[in-house]
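**Student:** Sharing a structure below in structure tokens format, with a few things to ask.
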Amino acid sequence: MSTTVTVPSGSGASPAAGPAPQPQREIVRHWATPITFAVLTVISLLVFALGASGESATFRISTEADAVQIPDIVAPTVPVGWIITLLLAALTVWGLLSVRRRGTVPGWGSAAFAVLFVAGFLVWVVGAADTTTVFLTGLIAGAFVLAVPLIFGSMAGVLSERAGVVNIAIEGQLLAGAFTAAVTGSVTGSVWAGLLAAVVAGALVSALLAVFSIRYLVNQVIVGVVLNVLVAGLTSFLFSTLLSSDSARFNSPPHFESIRIPVLADIPVIGPILFDQTVLGYGMYLIVAALYVGLFRTRWGLRVRAVGEHPKAADTVGINVLRTRYVNVLLAGAIAGMGGAFFTLVNSSSFSKEMTAGQGFIALAAVIFGRWNPIGAFFAALLFGFATNMQYVLAILGTPVPSQFMAMLPYLVTILVVAGLVGRSRGPAAAGTPYVKE
Amino acid sequence: MKLELRGITKKFGAFTANDSIDLTVESGQVHSLLGENGAGKSTLMNVLFGLYEPTAGEIRVDGTPVRFGGPGEAMAAGIGMVHQHFMLIPVFTVAENVALGDEHTRAGGILDLETTRRRIREISDRFGFHVDPDALVEDLPVGVQQRVEIIKALVRDARVLILDEPTAVLTPQETDELLDIIRQLRDSGTAIVFISHKLREVKAISTQITVLRRGRVVGTADPGADQSELAALMVGRDVVLNRAKSAPTLGEETFTVSNLTVLSPDGVRLVDDVSFGIRQGEVLAVAGVQGNGQTELTEAIMGLHKAQGSIRLDGEELLGRTTRQVIRAGVGYVPEDRSTDGLVGPFTVAENLVLNRYDRPPAGNGLQLDPKAIRRLAQKRVQEFDIRTQGVDLPVGTLSGGNQQKVVMARELVDDLKLFIASQPTRGVDVGSIEFLHERIIRERDSGTPVMIVSTELDEVLDLADRIAVMYHGRIIGIVPGNTSRDDLGLMMAGIDPAASPQDTTPKGATA
Amino acid sequence: MSAVTTQAGPKPDASGPSAGRPAGGSALRHMLAGNGMVTVLAIVLSLVISAVLIILTDEEVLEALGYFFARPQDTLVAAWEAVAAAYAALFRGAVFNYQAEDFTGMIYPFMESLTLSTPLIIISLGIAISFRSGLFNIGGQGQMIFGAMFATFFGVHLQLPFGVHLLLVVIMGILGGALWGSIVGILKAATGAHEVILTIMLNYIAVYLVAYLLQTPVLQREGSTNPVSDFLEPTAVFPPLLGDSFRLHWGFVVAILTTVFAWWLIQRSTIGFQLRAVGANPAAARTAGVSVKRMYVVAMVISGGLAGLAGVSQVSGTEKVLNTDVAGSFGFDAITVALLGRSNPVGVFFAGLLFGALRAGGVTMQTETGVPIDIVLIIQSLIVLFIAAPPLVRTIFRLPAPSALEARTAADPVTQPALAGAAAATTTTAGGTAPAAESAVVGDAVGVAAGDAASPPSPAETASPAETASPAEAAPAGARRDTPDAGPPPGGRGTASPTQDTTGEEGEQR
């Protein structure tokens, strides 16, 4: 071993012609997902199956006024609990096997698991409630409404972070948008002026984020956190001085009306969600679609992603990195500002102190959950909206679950996702997307 | 096309990186810029490519003065550049990378990658590149990534192509292929600026050679010039190309690695069933082109990487121990990238000198540090290793590269080492310090310590090694005596063992 | 320094322009360029901007503005009066009430400032320690809630002699915060999840949890329907420090002791050494045998523990009960305090005093002049923004820029990692998702940074060109070495691809 030449066999392949042979690759197994499955299956067994109480849970889909009537779904709690537990157990076994075979669990498997688990939870919780009937369409529609600012916020996060600037200031952008929309709307009496003002305000907050992080190189997380405090302070200060002293003049904004698209709006369940919206609601769908196409199919998107992935490479092909960042961070702020306008021009009658209540942070979670993909972030935001709405609905139904625990759900889910799935997964976006630049 | 640089001066504060440099390159020529590390070659090219604004002087294209506000304008003027560190986006496909900045679009800004793909195939076929436009860049070997860079320039109709140290990451065979490509380009009328510090390549490819030293042109030469003459011009003095070193006094084989395998997070065998041993008083050099598993091998020994197999030092198993335990077992380790792995930049020189010994006397105890003792210790080490610093309380990040490396060496070369490992011990270090550092390494060997050196520099390998292990694709392709010829080592670094299967030496390799 | 080669060529100073004493060398210049000056000016600037806000929202000013062109002096007088009144009230409420009748009344505001700054100082020290460890603990709020919950539980339900009881409550509070903080550290170490997201989410969970527990017998006051706890036993509260006339309690002494402890921990202890190393360059720390993952947990345990202690000082000192608002905005305030104090315990102590005083004065200002206390938030966030961007402050006040070396040495590693030392610029993402852009961006940023600091982007600061800058290093003739033209980029190796080092280094063959 000391001086002789050791020659491993089979090393004669010519490396010169064409691409060099790839080194041998072995399967790396990620057990986190099936283990999570297993834990959740046990919970399902203990709670949904063994812990089932009440006779059945009724899910109403149509109201009596609807043109198309769909009968109620009545789910007997005990059998459904057992069936779902068995299905979850089967999925867990399948997940373990597929990790053994190919290293990971396919995404649709996780999706199926999640849907089943949520269904099991719904049946259990509704069945155990004082009122065992829940209006499913309303539950979903409410989720959509609650998700609107989250979706706007998460789009702002996606865009800004795709361009390489972490946006913790979504909260501040939403709040600034809500405030200026209320004030401008009230003073001018025009919803459109209010919306425009919100867009400008969101962009202004973004401008500060951009200047401090791009020009002055201040840590982006810090700028974001401080900007949130600044906006909260500013809006509260102005609320206490101007808005409360003359709320008729400064804080009674007009509101966007819903625009109902005939016929389409009558489709059960999805009709009211997709086709009975305000301008902001339709605009939201448009922005999600535009961002998705824009980021992945256009020249603009290619450049934005390049700047977010490897700015120096972008620079060497003549792309102005700083300008790209400035522009997209500003755009992101404008989008979040629009989401802010939703608070005061659609959802509530007037502005109140810190009315965004941390939604910007949930939007940030949706960005990560959605893997920096507009569509992914859209569905993540919807899920969080759904959880929040469940909290309200279940409180009305009188369930055994304290409302505080329902309120925690989005945050718990985010932690699970961040720790269990996103933390180590190397999905297409996470594989090379900036999240936090120190 | 004729490109002229006239009196280009580039200053950074009081430091002059380029001092009135003149350079002319014309179609069908390969003009080589030869110079040592830090001679100002890259700065000059960055000026030419519009990344830096020159302090004085002008650039002329076909006799007309031009100013480049950025790389985009330089490219528009027909200048292309293959950077030393590839400017490719790993998660993009080849086509996306090539299109970036010069995209074809349909209505509404929608990307039309098909046109780009066609262009890539055209160029790829013409030069025999074998590049798949839809492959992800991160999946491609380094040599192919470089071809993507060349395609990027050609797609933009570059008439002047700057190649900055293009062979640094290539095997000898890949290098020869690259030189062929450059000849083809030259013959098709492209003007080439070839930046290198490697005499052999420069002599093989150039029509004209300009030698830079310390930011100035110190001479021009034609390719027929004598190799040592060129070297002397480049370094500024007579150069001894090989130095004798004393014969080793070998002791027992106290360090052995057997069947070591390291997997990447996605399952690639980065180190593949590697076995070797080092005796006391012996230097084993691990040679190979960058990225063939050397880094992971040393990191696995240091407990920084999970691995399978066995690593024994003085009969004790090191595998599975924490890095701290490995260090405590008497292993000194100089990591390959000092600024990332070797030093904590904002920490003072003194703190860096006790980075792995802060909790042992005299630096401190298990609970707290002894700042006075740390200072005293630092002052002693600074003197001993001739570290040039304004004081041991300054952040180590303010020191020059050579002095930073000395700090790392001074920390790791402590008494009673059982094993000393140094990865790229002199990378980015000036000539004077190299001498000093090598001497230190040999002194450590002569005190009876097994020494493992990992280097991609053949000169360094040949200077230090008593035996040489060559790595290729994670495997040790062979362990050979320290006086093995460069040609044989070069072949082994390309995965071919000359002793084992001479018929595998392909004709392509033979043209070298 | 003797062997200068005979070749012609520039002969730059050994270590480039950046080394040595500041050029010009005047002490005044040195002072103007320093950190202290920037801090003072940042505070002044923030007060000025806030004054403008006060003026613009003052009714009398607005009224006078209505006839500005007729009598402009009215507007100016009204503006002056509005600001003077507000800031005078702020001063009276925070430092010294010269209008009070007796001495106690006069110094009462100062004692109140100390009282309010007590929890703020303690929690900010915790945040500062996390910052020094390279962790952005945004979760002070949740950790403080946990500390307060634990302290309250043991302070309400146990009957123990004085001293023992208080000690137990303090320990339990620290444990509570440490527990909540450790979740973050453990999850980050085990899964690579990012602590910013984790801490934000855990804040909300803690908020809902305390709200829930305050509705159960665990914490809720017997017979009450409000979410509020019983009063802590007298044996479990901090006694008043200067008699019963002031709310100031022994918790302030704890804050001072904590400051000393934090200083010792960061500067002198081996744990602190490891924490700082991990914070400044986790890769180098790991290579030197420091367990980075363990340090993440340790940092979060200490950070959370101190936040918990801050919770104790609220329920056991100032408030004596627990309600849902126990943590208030302390979590986020602590971030600004830690930044203002540059994550240095002594600095944090004084920054905490300042912000505590602003809080105390803000109350007086609101009640006496009607200027809402929210102005304090504005002042606070502006100060931090300005401090984080010294070049901005220097530009506004036309101050000289520090020399490159000073800029490097003085740059705050927390707010401006790109400026503070090359190796410090490495990323701290422990997760497997480290984005490719990161190192490149940082490398980029170093160049831009120097430009922004209004100093020439001197490559003498980076490793390789400095080699040529040193004539001394052209020493005796020796073997020729092929070395790469440029050393590794300052940001460390480009992580272009996790499996393959594409940055390309040297590989000489013959």
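Residues in the structure tokens are numbered from 1 in each chain, the chains being A, B, ... in the order shown, and ligands are numbered from 1 in the order shown.
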Could you find all residues in stretch 83-140 of chain B that DSSP calls helix (DSSP H, G or I) from the backbone, and write them as a PyMOL selection string?

**Tutor:** chain B and resi 94-99+107-109+113-127+137-139

**Student:** For the selection just defined, write its residues with N, CA and C atoms to a file, as a PDB file, in the first residue's frame.

**Tutor:**
```pdb
ATOM      1  N   VAL B  94     -29.434  25.538 -20.660  1.00  0.00           N
ATOM      2  CA  VAL B  94     -28.428  26.116 -21.545  1.00  0.00           C
ATOM      3  C   VAL B  94     -29.059  27.206 -22.401  1.00  0.00           C
ATOM      4  N   ALA B  95     -30.217  26.894 -22.979  1.00  0.00           N
ATOM      5  CA  ALA B  95     -30.864  27.862 -23.863  1.00  0.00           C
ATOM      6  C   ALA B  95     -31.209  29.141 -23.103  1.00  0.00           C
ATOM      7  N   GLU B  96     -31.728  28.991 -21.900  1.00  0.00           N
ATOM      8  CA  GLU B  96     -32.078  30.181 -21.119  1.00  0.00           C
ATOM      9  C   GLU B  96     -30.843  31.013 -20.818  1.00  0.00           C
ATOM     10  N   ASN B  97     -29.764  30.326 -20.475  1.00  0.00           N
ATOM     11  CA  ASN B  97     -28.528  31.038 -20.185  1.00  0.00           C
ATOM     12  C   ASN B  97     -28.000  31.771 -21.413  1.00  0.00           C
ATOM     13  N   VAL B  98     -28.087  31.099 -22.547  1.00  0.00           N
ATOM     14  CA  VAL B  98     -27.575  31.719 -23.763  1.00  0.00           C
ATOM     15  C   VAL B  98     -28.471  32.896 -24.166  1.00  0.00           C
ATOM     16  N   ALA B  99     -29.775  32.713 -23.979  1.00  0.00           N
ATOM     17  CA  ALA B  99     -30.707  33.765 -24.393  1.00  0.00           C
ATOM     18  C   ALA B  99     -30.600  34.993 -23.494  1.00  0.00           C
ATOM     19  N   ALA B 107     -44.696  38.377 -29.598  1.00  0.00           N
ATOM     20  CA  ALA B 107     -45.528  39.491 -29.147  1.00  0.00           C
ATOM     21  C   ALA B 107     -45.708  39.444 -27.637  1.00  0.00           C
ATOM     22  N   GLY B 108     -45.689  40.589 -27.008  1.00  0.00           N
ATOM     23  CA  GLY B 108     -45.938  40.677 -25.583  1.00  0.00           C
ATOM     24  C   GLY B 108     -44.773  40.257 -24.740  1.00  0.00           C
ATOM     25  N   GLY B 109     -43.610  40.209 -25.343  1.00  0.00           N
ATOM     26  CA  GLY B 109     -42.427  39.869 -24.553  1.00  0.00           C
ATOM     27  C   GLY B 109     -42.326  38.404 -24.207  1.00  0.00           C
ATOM     28  N   LEU B 113     -37.644  30.751 -27.163  1.00  0.00           N
ATOM     29  CA  LEU B 113     -36.382  30.038 -26.948  1.00  0.00           C
ATOM     30  C   LEU B 113     -36.018  29.158 -28.135  1.00  0.00           C
ATOM     31  N   GLU B 114     -37.007  28.900 -29.016  1.00  0.00           N
ATOM     32  CA  GLU B 114     -36.744  27.997 -30.147  1.00  0.00           C
ATOM     33  C   GLU B 114     -35.635  28.546 -31.034  1.00  0.00           C
ATOM     34  N   THR B 115     -35.677  29.843 -31.274  1.00  0.00           N
ATOM     35  CA  THR B 115     -34.638  30.472 -32.093  1.00  0.00           C
ATOM     36  C   THR B 115     -33.273  30.284 -31.441  1.00  0.00           C
ATOM     37  N   THR B 116     -33.239  30.503 -30.132  1.00  0.00           N
ATOM     38  CA  THR B 116     -31.981  30.339 -29.408  1.00  0.00           C
ATOM     39  C   THR B 116     -31.494  28.899 -29.501  1.00  0.00           C
ATOM     40  N   ARG B 117     -32.425  27.957 -29.322  1.00  0.00           N
ATOM     41  CA  ARG B 117     -32.041  26.547 -29.396  1.00  0.00           C
ATOM     42  C   ARG B 117     -31.419  26.237 -30.748  1.00  0.00           C
ATOM     43  N   ARG B 118     -32.023  26.782 -31.815  1.00  0.00           N
ATOM     44  CA  ARG B 118     -31.516  26.511 -33.148  1.00  0.00           C
ATOM     45  C   ARG B 118     -30.086  27.049 -33.290  1.00  0.00           C
ATOM     46  N   ARG B 119     -29.888  28.270 -32.798  1.00  0.00           N
ATOM     47  CA  ARG B 119     -28.557  28.870 -32.876  1.00  0.00           C
ATOM     48  C   ARG B 119     -27.539  28.032 -32.095  1.00  0.00           C
ATOM     49  N   ILE B 120     -27.968  27.559 -30.923  1.00  0.00           N
ATOM     50  CA  ILE B 120     -27.052  26.748 -30.115  1.00  0.00           C
ATOM     51  C   ILE B 120     -26.671  25.479 -30.875  1.00  0.00           C
ATOM     52  N   ARG B 121     -27.676  24.848 -31.488  1.00  0.00           N
ATOM     53  CA  ARG B 121     -27.386  23.615 -32.235  1.00  0.00           C
ATOM     54  C   ARG B 121     -26.449  23.899 -33.391  1.00  0.00           C
ATOM     55  N   GLU B 122     -26.701  25.000 -34.090  1.00  0.00           N
ATOM     56  CA  GLU B 122     -25.828  25.367 -35.214  1.00  0.00           C
ATOM     57  C   GLU B 122     -24.373  25.467 -34.766  1.00  0.00           C
ATOM     58  N   ILE B 123     -24.183  26.292 -33.737  1.00  0.00           N
ATOM     59  CA  ILE B 123     -22.814  26.525 -33.265  1.00  0.00           C
ATOM     60  C   ILE B 123     -22.218  25.243 -32.710  1.00  0.00           C
ATOM     61  N   SER B 124     -23.046  24.537 -31.967  1.00  0.00           N
ATOM     62  CA  SER B 124     -22.600  23.291 -31.364  1.00  0.00           C
ATOM     63  C   SER B 124     -22.128  22.309 -32.438  1.00  0.00           C
ATOM     64  N   ASP B 125     -22.886  22.235 -33.531  1.00  0.00           N
ATOM     65  CA  ASP B 125     -22.500  21.322 -34.613  1.00  0.00           C
ATOM     66  C   ASP B 125     -21.223  21.786 -35.302  1.00  0.00           C
ATOM     67  N   ARG B 126     -21.132  23.091 -35.486  1.00  0.00           N
ATOM     68  CA  ARG B 126     -19.992  23.605 -36.228  1.00  0.00           C
ATOM     69  C   ARG B 126     -18.684  23.305 -35.500  1.00  0.00           C
ATOM     70  N   PHE B 127     -18.706  23.447 -34.209  1.00  0.00           N
ATOM     71  CA  PHE B 127     -17.458  23.262 -33.452  1.00  0.00           C
ATOM     72  C   PHE B 127     -17.393  21.915 -32.735  1.00  0.00           C
ATOM     73  N   VAL B 137     -27.891  23.768 -16.587  1.00  0.00           N
ATOM     74  CA  VAL B 137     -26.457  24.033 -16.505  1.00  0.00           C
ATOM     75  C   VAL B 137     -25.827  23.346 -15.297  1.00  0.00           C
ATOM     76  N   GLU B 138     -26.566  23.288 -14.178  1.00  0.00           N
ATOM     77  CA  GLU B 138     -25.966  22.703 -12.978  1.00  0.00           C
ATOM     78  C   GLU B 138     -25.672  21.212 -13.138  1.00  0.00           C
ATOM     79  N   ASP B 139     -26.305  20.588 -14.142  1.00  0.00           N
ATOM     80  CA  ASP B 139     -26.043  19.171 -14.365  1.00  0.00           C
ATOM     81  C   ASP B 139     -24.852  18.927 -15.282  1.00  0.00           C
TER      82      ASP B 139
END
```

**Student:** Per residue of chain B within 8 Å of chain A, what are the shortest atom pair and its distance in Å to one decimal, counting only C-alpha atoms, with rows by chain and residue number, as a Markdown table?

**Tutor:**
```
| residue | atom | partner | partner_atom | distance |
| --- | --- | --- | --- | --- |
| B:Leu51 | CA | A:Thr316 | CA | 7.9 |
| B:Gly70 | CA | A:Gly318 | CA | 6.5 |
| B:Pro71 | CA | A:Gly318 | CA | 5.0 |
| B:Gly72 | CA | A:Gly318 | CA | 3.6 |
| B:Glu73 | CA | A:Gly318 | CA | 7.3 |
| B:Met75 | CA | A:Val317 | CA | 7.8 |
| B:Phe86 | CA | A:Ala313 | CA | 7.9 |
| B:Met87 | CA | A:Ala313 | CA | 4.3 |
| B:Leu88 | CA | A:Ala313 | CA | 5.9 |
| B:Ile89 | CA | A:His310 | CA | 6.0 |
| B:Pro90 | CA | A:Gly432 | CA | 8.0 |
| B:Val91 | CA | A:Gly432 | CA | 6.4 |
| B:Glu96 | CA | A:Leu302 | CA | 7.6 |
| B:Leu100 | CA | A:Arg303 | CA | 6.7 |
| B:Gly101 | CA | A:Val317 | CA | 5.3 |
| B:Asp102 | CA | A:Val317 | CA | 7.9 |
| B:Glu103 | CA | A:Arg299 | CA | 6.5 |
| B:Thr105 | CA | A:Arg299 | CA | 7.0 |
| B:Gly109 | CA | A:Thr298 | CA | 5.4 |
| B:Ile110 | CA | A:Thr298 | CA | 4.2 |
| B:Leu111 | CA | A:Thr298 | CA | 4.7 |
| B:Phe129 | CA | A:Gly18 | CA | 7.1 |
| B:His130 | CA | A:Gly18 | CA | 5.8 |
| B:Leu140 | CA | A:Pro19 | CA | 7.6 |
| B:Pro141 | CA | A:Ala20 | CA | 6.4 |
| B:Gly143 | CA | A:Pro19 | CA | 7.7 |
| B:Val144 | CA | A:Pro19 | CA | 6.4 |
| B:Gln173 | CA | A:Ala16 | CA | 5.8 |
| B:Glu174 | CA | A:Ala16 | CA | 6.1 |
| B:Leu263 | CA | A:Glu26 | CA | 7.9 |
| B:Pro265 | CA | A:Val28 | CA | 7.1 |
| B:Asp266 | CA | A:Val28 | CA | 5.8 |
| B:Gly267 | CA | A:Glu26 | CA | 4.4 |
| B:Val268 | CA | A:Arg25 | CA | 4.2 |
| B:Arg269 | CA | A:Gln24 | CA | 6.0 |
| B:Leu270 | CA | A:Pro23 | CA | 7.8 |
| B:Phe276 | CA | A:Met1 | CA | 6.8 |
| B:Gly277 | CA | A:Ser2 | CA | 6.7 |
| B:Ile278 | CA | A:Ser2 | CA | 7.5 |
| B:Arg467 | CA | A:Thr3 | CA | 7.4 |
| B:His473 | CA | A:Pro23 | CA | 6.5 |
| B:Ile476 | CA | A:Pro8 | CA | 7.6 |
| B:Ile477 | CA | A:Val7 | CA | 6.2 |
| B:Gly478 | CA | A:Thr6 | CA | 5.1 |
| B:Ile479 | CA | A:Val5 | CA | 5.0 |
| B:Val480 | CA | A:Val5 | CA | 5.5 |
| B:Pro481 | CA | A:Thr3 | CA | 6.8 |
| B:Ala494 | CA | A:Pro15 | CA | 6.8 |
| B:Gly495 | CA | A:Ser11 | CA | 6.5 |
| B:Ile496 | CA | A:Gly12 | CA | 5.6 |
| B:Asp497 | CA | A:Gly12 | CA | 7.3 |
| B:Ala500 | CA | A:Val7 | CA | 7.1 |
| B:Ser501 | CA | A:Gly12 | CA | 7.1 |
| B:Asp504 | CA | A:Gly12 | CA | 6.0 |
| B:Thr505 | CA | A:Ser14 | CA | 7.9 |
| B:Thr506 | CA | A:Ser14 | CA | 7.1 |
| B:Lys508 | CA | A:Ala16 | CA | 7.7 |
| B:Gly509 | CA | A:Ala16 | CA | 7.8 |
```

**Student:** I'd like to know which of B:Asn356, B:Thr256, B:Ser20, B:Asn365 is closest to B:Leu284, using only C-alpha atoms.

**Tutor:**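 Answer, going by the shortest atom-to-atom distance: B:Thr256.
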
**Student:** Hey, which of A:Val125, A:Leu217, A:Ala52, A:Val134 ends up closest to chain C? Count only C-alpha atoms.

**Tutor:** A:Leu217

**Student:** One decimal, Å: what's the distance from atom CA of B:Ser433 over to atom CA of B:Gly402, could you say?

**Tutor:**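 Separation between atom CA of B:Ser433 and atom CA of B:Gly402: 6.1 Å.
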
**Student:** Hey, what's within 10 Å of stretch 410-412 of chain A if we count only C-alpha atoms and toss same-chain stuff fewer than 2 positions away? As a list in words, please?

**Tutor:**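 With the cut-off at 10 Å, the set is Phe361, Ile362, Ala365, Ala366, Ala380, Ala381, Leu383, Phe384, Gly385, Phe386, Ala387, Thr388, Phe405, Met406, Ala407, Met408, Thr414, Ile415, Leu416, Val417 and Val418 of chain A; Ile197, Leu198, Ile200, Met201, Leu202, Asn203, Tyr204 and Ile205 of chain C.
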
**Student:** So that I have them on file, write out the residues from the current selection with N, CA and C atoms, as a short mmCIF file (atom, residue, chain, number, x, y, z; two decimals), in the first residue's frame.

**Tutor:**
```cif
data_model
loop_
_atom_site.label_atom_id
_atom_site.label_comp_id
_atom_site.auth_asym_id
_atom_site.auth_seq_id
_atom_site.Cartn_x
_atom_site.Cartn_y
_atom_site.Cartn_z
N PHE A 361 -47.29 38.80 7.47
CA PHE A 361 -46.38 37.71 7.83
C PHE A 361 -46.92 36.37 7.36
N ILE A 362 -48.26 36.22 7.39
CA ILE A 362 -48.83 34.98 6.85
C ILE A 362 -48.58 34.92 5.35
N ALA A 365 -45.27 33.63 4.79
CA ALA A 365 -45.28 32.18 4.95
C ALA A 365 -45.81 31.52 3.68
N ALA A 366 -46.81 32.15 3.09
CA ALA A 366 -47.39 31.58 1.86
C ALA A 366 -46.38 31.58 0.72
N ALA A 380 -51.29 28.37 -1.32
CA ALA A 380 -50.89 28.42 0.08
C ALA A 380 -51.70 29.49 0.82
N ALA A 381 -51.83 30.65 0.18
CA ALA A 381 -52.61 31.72 0.80
C ALA A 381 -54.06 31.29 0.99
N LEU A 383 -55.12 28.26 1.47
CA LEU A 383 -55.16 27.32 2.59
C LEU A 383 -55.19 28.07 3.91
N PHE A 384 -54.35 29.09 4.00
CA PHE A 384 -54.31 29.86 5.24
C PHE A 384 -55.62 30.62 5.45
N GLY A 385 -56.17 31.13 4.34
CA GLY A 385 -57.47 31.80 4.44
C GLY A 385 -58.52 30.82 4.94
N PHE A 386 -58.45 29.61 4.44
CA PHE A 386 -59.39 28.57 4.83
C PHE A 386 -59.27 28.28 6.33
N ALA A 387 -58.05 28.16 6.80
CA ALA A 387 -57.84 27.87 8.23
C ALA A 387 -58.40 28.99 9.09
N THR A 388 -58.14 30.23 8.66
CA THR A 388 -58.65 31.36 9.44
C THR A 388 -60.18 31.35 9.45
N PHE A 405 -57.02 27.73 19.29
CA PHE A 405 -56.24 26.70 18.63
C PHE A 405 -56.48 26.70 17.12
N MET A 406 -57.72 27.00 16.75
CA MET A 406 -57.98 27.13 15.32
C MET A 406 -57.17 28.30 14.76
N ALA A 407 -57.10 29.37 15.55
CA ALA A 407 -56.38 30.56 15.09
C ALA A 407 -54.89 30.27 14.92
N MET A 408 -54.39 29.33 15.70
CA MET A 408 -52.98 28.99 15.61
C MET A 408 -52.64 28.20 14.35
N THR A 414 -47.50 26.44 8.95
CA THR A 414 -46.32 27.05 8.35
C THR A 414 -45.04 26.48 8.95
N ILE A 415 -45.05 26.34 10.29
CA ILE A 415 -43.85 25.81 10.93
C ILE A 415 -43.57 24.39 10.44
N LEU A 416 -44.65 23.59 10.37
CA LEU A 416 -44.47 22.22 9.89
C LEU A 416 -43.90 22.21 8.48
N VAL A 417 -44.45 23.09 7.67
CA VAL A 417 -44.02 23.13 6.27
C VAL A 417 -42.57 23.59 6.18
N VAL A 418 -42.28 24.67 6.89
CA VAL A 418 -40.93 25.22 6.82
C VAL A 418 -39.92 24.21 7.36
N ILE C 197 -38.84 33.09 9.94
CA ILE C 197 -40.20 32.58 9.78
C ILE C 197 -40.64 31.86 11.05
N LEU C 198 -39.77 31.01 11.58
CA LEU C 198 -40.14 30.24 12.77
C LEU C 198 -40.52 31.16 13.92
N ILE C 200 -41.47 34.30 13.90
CA ILE C 200 -42.69 35.06 13.67
C ILE C 200 -43.91 34.17 13.95
N MET C 201 -43.87 32.94 13.44
CA MET C 201 -45.00 32.04 13.63
C MET C 201 -45.18 31.69 15.10
N LEU C 202 -44.05 31.46 15.80
CA LEU C 202 -44.15 31.09 17.22
C LEU C 202 -44.68 32.26 18.05
N ASN C 203 -44.42 33.48 17.61
CA ASN C 203 -45.01 34.63 18.30
C ASN C 203 -46.52 34.52 18.33
N TYR C 204 -47.09 34.26 17.15
CA TYR C 204 -48.55 34.21 17.09
C TYR C 204 -49.09 33.06 17.91
N ILE C 205 -48.38 31.92 17.84
CA ILE C 205 -48.84 30.77 18.61
C ILE C 205 -48.83 31.10 20.10
#
```

**Student:** Env of stretch 263-267 of chain A: 10 Å cut, atoms = only C-alpha atoms, seq-sep filter 2 positions within chain, self excluded. Answer as an NGL selection string.

**Tutor:** :A and (66-68 or 259-261 or 269-277)

**Student:** Could you tell me how far atom CA of C:Glu59 sits from atom CA of C:Glu81, in Å to one decimal place?

**Tutor:** 11.7 Å

**Student:** Pick from C:Ala128, C:Ile271, C:Ile183, C:Leu167: nearest to chain B, with only C-alpha atoms counted?

**Tutor:** C:Ile271

**Student:** Excluding A:Leu397 and residues on its chain fewer than 2 positions from it, collect all residues at most 7 Å away from it, counting only C-alpha atoms, and give them as a list in words.

**Tutor:** Ala129, Asp130, Thr131, Val393, Leu394, Ala395 and Thr399 of chain A

**Student:** Export N, CA and C atoms of the chosen residues as an mmCIF file, in the first residue's frame?

**Tutor:**
```cif
data_model
loop_
_atom_site.group_PDB
_atom_site.id
_atom_site.type_symbol
_atom_site.label_atom_id
_atom_site.label_comp_id
_atom_site.auth_asym_id
_atom_site.auth_seq_id
_atom_site.Cartn_x
_atom_site.Cartn_y
_atom_site.Cartn_z
ATOM 1 N N ALA A 129 -69.670 19.251 17.071
ATOM 2 C CA ALA A 129 -70.111 20.586 17.443
ATOM 3 C C ALA A 129 -71.551 20.579 17.944
ATOM 4 N N ASP A 130 -71.961 21.716 18.477
ATOM 5 C CA ASP A 130 -73.343 21.847 18.935
ATOM 6 C C ASP A 130 -74.296 21.825 17.736
ATOM 7 N N THR A 131 -73.909 22.525 16.689
ATOM 8 C CA THR A 131 -74.680 22.513 15.460
ATOM 9 C C THR A 131 -73.887 21.665 14.470
ATOM 10 N N VAL A 393 -65.921 30.036 11.667
ATOM 11 C CA VAL A 393 -67.099 29.197 11.475
ATOM 12 C C VAL A 393 -67.273 28.244 12.652
ATOM 13 N N LEU A 394 -66.179 27.646 13.070
ATOM 14 C CA LEU A 394 -66.282 26.665 14.146
ATOM 15 C C LEU A 394 -66.649 27.330 15.464
ATOM 16 N N ALA A 395 -66.198 28.571 15.638
ATOM 17 C CA ALA A 395 -66.577 29.280 16.860
ATOM 18 C C ALA A 395 -68.082 29.446 16.900
ATOM 19 N N THR A 399 -67.704 24.309 18.727
ATOM 20 C CA THR A 399 -66.964 23.049 18.658
ATOM 21 C C THR A 399 -66.162 22.831 19.930
#
```
